[in-house]
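Structure file coords-v3.cif; described as mmCIF, C-alpha atoms.
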data_entry
loop_
_atom_site.label_atom_id
_atom_site.label_comp_id
_atom_site.auth_asym_id
_atom_site.auth_seq_id
_atom_site.Cartn_x
_atom_site.Cartn_y
_atom_site.Cartn_z
CA MET A 30 322.04 16.06 79.57
CA GLY A 31 322.51 15.92 83.32
CA GLU A 32 324.32 12.59 83.05
CA TRP A 33 327.28 14.33 81.41
CA THR A 34 328.30 15.83 84.73
CA LEU A 35 329.07 12.30 85.92
CA LEU A 36 331.10 11.27 82.87
CA ILE A 37 333.97 13.75 83.16
CA ASP A 38 335.69 14.10 86.49
CA ASP A 39 336.38 17.40 88.20
CA GLY A 40 340.05 18.20 87.79
CA GLU A 41 340.12 17.11 84.15
CA PRO A 42 341.01 19.76 81.55
CA GLY A 43 337.83 21.19 80.09
CA ALA A 44 335.66 19.55 82.75
CA TYR A 45 333.26 22.45 83.15
CA PHE A 46 333.22 23.26 79.47
CA MET A 47 331.94 19.72 78.96
CA LYS A 48 329.68 19.68 82.01
CA GLU A 49 328.14 23.12 81.82
CA SER A 50 329.13 25.31 78.85
CA LEU A 51 327.82 22.82 76.29
CA ASN A 52 324.57 22.43 78.23
CA GLU A 53 324.15 26.19 78.56
CA PHE A 54 324.70 26.63 74.83
CA MET A 55 322.17 23.90 74.03
CA THR A 56 319.66 25.76 76.19
CA LEU A 57 320.34 28.90 74.17
CA LEU A 58 319.84 26.94 70.95
CA PHE A 59 316.48 25.74 72.31
CA ILE A 60 315.56 29.40 72.83
CA ARG A 61 316.69 30.18 69.29
CA ARG A 62 314.59 27.37 67.82
CA PHE A 63 311.39 27.95 69.80
CA TYR A 64 311.45 31.67 70.60
CA GLY A 65 313.34 33.01 67.60
CA ARG A 66 316.67 34.47 66.68
CA GLN A 67 315.98 37.78 68.43
CA SER A 68 315.43 36.07 71.80
CA TYR A 69 318.60 34.06 71.25
CA GLU A 70 320.60 37.18 70.36
CA THR A 71 319.23 38.93 73.46
CA GLN A 72 320.54 36.08 75.61
CA LEU A 73 323.92 36.20 73.85
CA ASP A 74 324.06 39.96 74.44
CA LYS A 75 323.62 39.25 78.16
CA CYS A 76 326.45 36.71 77.99
CA ARG A 77 328.64 39.25 76.18
CA SER A 78 327.83 42.01 78.66
CA GLU A 79 328.65 39.84 81.68
CA TYR A 80 331.81 38.51 80.07
CA GLU A 81 333.00 42.04 79.21
CA LYS A 82 333.00 42.84 82.95
CA ILE A 83 335.76 40.28 83.60
CA LYS A 84 337.51 40.32 80.23
CA GLY A 85 341.25 40.75 80.62
CA THR A 86 341.15 40.45 84.42
CA TYR A 87 342.52 37.66 86.59
CA GLN A 88 339.04 36.08 86.46
CA ASP A 89 339.22 35.72 82.68
CA VAL A 90 340.83 32.30 82.58
CA PRO A 91 340.89 29.92 79.63
CA ILE A 92 337.71 27.85 79.68
CA ILE A 93 339.72 24.63 79.52
CA ASP A 94 341.31 25.55 82.87
CA VAL A 95 337.98 25.58 84.72
CA VAL A 96 338.15 22.14 86.30
CA GLU A 97 335.79 22.74 89.19
CA ASN A 98 332.66 24.84 89.36
CA ASN A 99 334.12 28.10 90.63
CA ASN A 100 333.81 30.61 87.79
CA ASN A 101 330.29 31.06 86.55
CA THR A 102 331.05 33.89 84.12
CA VAL A 103 333.67 31.90 82.21
CA VAL A 104 331.60 28.71 82.19
CA TYR A 105 328.12 30.12 81.60
CA ARG A 106 328.89 33.26 79.55
CA LYS A 107 332.25 32.93 77.81
CA GLY A 108 331.60 29.27 76.91
CA PRO A 109 328.41 29.95 74.95
CA LEU A 110 330.06 32.90 73.19
CA VAL A 111 332.83 30.59 71.95
CA LEU A 112 330.33 27.96 70.84
CA ASP A 113 328.24 30.57 69.05
CA ARG A 114 331.32 31.75 67.17
CA ILE A 115 331.82 28.22 65.81
CA ALA A 116 328.09 27.92 64.99
CA LYS A 117 328.26 31.11 62.94
CA GLU A 118 331.25 29.77 61.04
CA ILE A 119 329.89 26.34 60.08
CA GLY A 120 326.15 26.99 60.39
CA TYR A 121 323.81 26.42 63.30
CA ASN A 122 322.19 23.28 61.90
CA GLU A 123 325.58 21.71 61.24
CA TRP A 124 326.82 22.63 64.72
CA ILE A 125 323.71 21.15 66.31
CA ALA A 126 324.25 17.96 64.28
CA ILE A 127 327.84 17.69 65.55
CA ILE A 128 326.85 18.24 69.17
CA SER A 129 323.97 15.75 68.79
CA ARG A 130 326.34 13.21 67.29
CA PHE A 131 328.68 13.69 70.23
CA TYR A 132 325.89 13.13 72.74
CA ARG A 133 324.77 9.97 70.91
CA GLU A 134 328.23 8.46 70.45
CA TYR A 135 329.54 9.22 73.92
CA ALA A 136 326.40 8.65 75.99
CA GLY A 137 327.36 6.75 79.13
CA LYS A 138 331.06 6.47 78.23
CA TYR A 139 333.31 7.00 81.20
CA PRO A 140 335.73 8.61 81.53
CA LEU A 141 334.80 11.28 79.05
CA LYS A 142 337.59 13.59 77.91
CA TYR A 143 337.51 17.10 76.50
CA THR A 144 339.65 15.87 73.62
CA ASP A 145 336.87 13.42 72.66
CA PHE A 146 334.72 16.39 71.70
CA ILE A 147 337.53 18.28 69.95
CA ASN A 148 338.46 15.19 67.93
CA LEU A 149 334.85 14.56 66.89
CA VAL A 150 334.51 18.17 65.75
CA ASN A 151 337.69 17.82 63.68
CA GLU A 152 336.34 14.60 62.13
CA SER A 153 333.24 16.48 61.00
CA HIS A 154 334.99 19.68 59.91
CA ALA A 155 338.75 19.59 59.48
CA GLY A 156 340.42 22.28 61.55
CA ILE A 157 337.26 23.49 63.31
CA GLY A 158 337.98 21.41 66.41
CA ASP A 159 341.47 22.90 66.48
CA LYS A 160 339.98 26.38 66.18
CA LEU A 161 337.56 25.59 69.01
CA ASN A 162 340.44 24.30 71.11
CA LEU A 163 342.37 27.52 70.47
CA LEU A 164 339.39 29.61 71.60
CA LEU A 165 338.93 27.48 74.71
CA THR A 166 342.60 27.66 75.67
CA SER A 167 342.89 31.43 75.14
CA LYS A 168 342.67 33.74 78.10
CA SER A 169 340.60 36.52 76.52
CA LEU A 170 338.14 36.47 73.65
CA GLN A 171 338.12 39.16 71.01
CA LEU A 172 334.41 39.91 70.68
#
What does the file become when written as structure tokens?
Amino acid sequence: MGEWTLLIDDGEPGAYFMKESLNEFMTLLFIRRFYGRQSYETQLDKCRSEYEKIKGTYQDVPIIDVVENNNNTVVYRKGPLVLDRIAKEIGYNEWIAIISRFYREYAGKYPLKYTDFINLVNESHAGIGDKLNLLLTSKSLQL
């Protein structure tokens, strides 16, 4: 997954969602698969706890606006919370299949755009990509 950091340029909308939030969420899904749901939920609780500390403050920016690596809480905590919300709505296996499809179809394609992912999600589940986009462009999450 490390190659993805080279496919979307810093400064692009959603750059660090694409570069880091997706990767962080996939790591959490690995934990869920191999260590169980409880371990996964424990990690999400840590994300939630850290995000709550900045929620509603000037640091709580929309994830899409993080275009350089300067806000770890938004990228590494808020991002996975958003992705988990979508997974709960459509099912974890389906969400993993969509993300896997994205990685297969866009491997090595430069320049990668945030909208490539949103569009692929909408192709798979009408309106879900739009919902994801809304969550990623919102300042604060309602947890």
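The gap separating atom CA of Gly158 of chain A from atom CA of Lys48 of chain A is 17.8 Å, in Å to one decimal.
Closest approach to Pro42 of chain A from the set A:Glu134, A:Glu118, A:Asp94, A:Glu81 is made by A:Asp94, with distances taken over all atoms listed in the file.
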Report as a ChimeraX atom specification the residues that result from applying the PyMOL selection byres ((chain A and resi 49) around 12) to the structure here.
/A:30-35,37,39,43-48,50-56,92-93,95-109
Write the residues of the selection above to a file with C-alpha atoms, as a compact mmCIF listing (two decimals), in the coordinates of the input.
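Ended up saving to again.txt:
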# COMPACT_ATOMS: atom_id res chain seq x y z
CA MET A 30 322.04 16.06 79.57
CA GLY A 31 322.51 15.92 83.32
CA GLU A 32 324.32 12.59 83.05
CA TRP A 33 327.28 14.33 81.41
CA THR A 34 328.30 15.83 84.73
CA LEU A 35 329.07 12.30 85.92
CA ILE A 37 333.97 13.75 83.16
CA ASP A 39 336.38 17.40 88.20
CA GLY A 43 337.83 21.19 80.09
CA ALA A 44 335.66 19.55 82.75
CA TYR A 45 333.26 22.45 83.15
CA PHE A 46 333.22 23.26 79.47
CA MET A 47 331.94 19.72 78.96
CA LYS A 48 329.68 19.68 82.01
CA SER A 50 329.13 25.31 78.85
CA LEU A 51 327.82 22.82 76.29
CA ASN A 52 324.57 22.43 78.23
CA GLU A 53 324.15 26.19 78.56
CA PHE A 54 324.70 26.63 74.83
CA MET A 55 322.17 23.90 74.03
CA THR A 56 319.66 25.76 76.19
CA ILE A 92 337.71 27.85 79.68
CA ILE A 93 339.72 24.63 79.52
CA VAL A 95 337.98 25.58 84.72
CA VAL A 96 338.15 22.14 86.30
CA GLU A 97 335.79 22.74 89.19
CA ASN A 98 332.66 24.84 89.36
CA ASN A 99 334.12 28.10 90.63
CA ASN A 100 333.81 30.61 87.79
CA ASN A 101 330.29 31.06 86.55
CA THR A 102 331.05 33.89 84.12
CA VAL A 103 333.67 31.90 82.21
CA VAL A 104 331.60 28.71 82.19
CA TYR A 105 328.12 30.12 81.60
CA ARG A 106 328.89 33.26 79.55
CA LYS A 107 332.25 32.93 77.81
CA GLY A 108 331.60 29.27 76.91
CA PRO A 109 328.41 29.95 74.95
Could you work out how far atom CA of Ser68 of chain A lies from atom CA of Ser153 of chain A, giving the answer in Å with one decimal?
28.6 Å
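Put simply, the PyMOL selection byres ((chain A and resi 115) around 10) on this file hits A:Pro109, A:Leu110, A:Val111, A:Leu112, A:Asp113, A:Arg114, A:Ala116, A:Lys117, A:Glu118, A:Ile119, A:Gly120, A:Tyr121, A:Trp124, A:Ile157, A:Gly158, A:Lys160, A:Leu161, A:Leu164.
Every residue within 12 Å of the file position (342.6, 37.7, 84.6), judged by only C-alpha atoms, is given as Tyr80, Glu81, Lys82, Ile83, Lys84, Gly85, Thr86, Tyr87, Gln88, Asp89, Val90, Pro91, Asn100, Val103, Ser167, Lys168, Ser169 and Leu170 of chain A.
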As an exercise, work out the distance from atom CA of Gln72 of chain A to atom CA of Glu152 of chain A in Å and give it to one decimal place.
29.9 Å
Neighbour residues at most 10 Å from (329.4, 16.3, 69.3) (all atoms listed in the file) as a PDB file with C-alpha atoms, keeping the file's coordinate frame:
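Final output, saved to out_37.pdb:
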ATOM      1  CA  LEU A  51     327.820  22.820  76.290  1.00  0.00           C
ATOM      2  CA  TRP A 124     326.820  22.630  64.720  1.00  0.00           C
ATOM      3  CA  ILE A 125     323.710  21.150  66.310  1.00  0.00           C
ATOM      4  CA  ALA A 126     324.250  17.960  64.280  1.00  0.00           C
ATOM      5  CA  ILE A 127     327.840  17.690  65.550  1.00  0.00           C
ATOM      6  CA  ILE A 128     326.850  18.240  69.170  1.00  0.00           C
ATOM      7  CA  SER A 129     323.970  15.750  68.790  1.00  0.00           C
ATOM      8  CA  ARG A 130     326.340  13.210  67.290  1.00  0.00           C
ATOM      9  CA  PHE A 131     328.680  13.690  70.230  1.00  0.00           C
ATOM     10  CA  TYR A 132     325.890  13.130  72.740  1.00  0.00           C
ATOM     11  CA  ARG A 133     324.770   9.970  70.910  1.00  0.00           C
ATOM     12  CA  GLU A 134     328.230   8.460  70.450  1.00  0.00           C
ATOM     13  CA  TYR A 135     329.540   9.220  73.920  1.00  0.00           C
ATOM     14  CA  ASP A 145     336.870  13.420  72.660  1.00  0.00           C
ATOM     15  CA  PHE A 146     334.720  16.390  71.700  1.00  0.00           C
ATOM     16  CA  ILE A 147     337.530  18.280  69.950  1.00  0.00           C
ATOM     17  CA  ASN A 148     338.460  15.190  67.930  1.00  0.00           C
ATOM     18  CA  LEU A 149     334.850  14.560  66.890  1.00  0.00           C
ATOM     19  CA  VAL A 150     334.510  18.170  65.750  1.00  0.00           C
ATOM     20  CA  SER A 153     333.240  16.480  61.000  1.00  0.00           C
TER      21      SER A 153
END
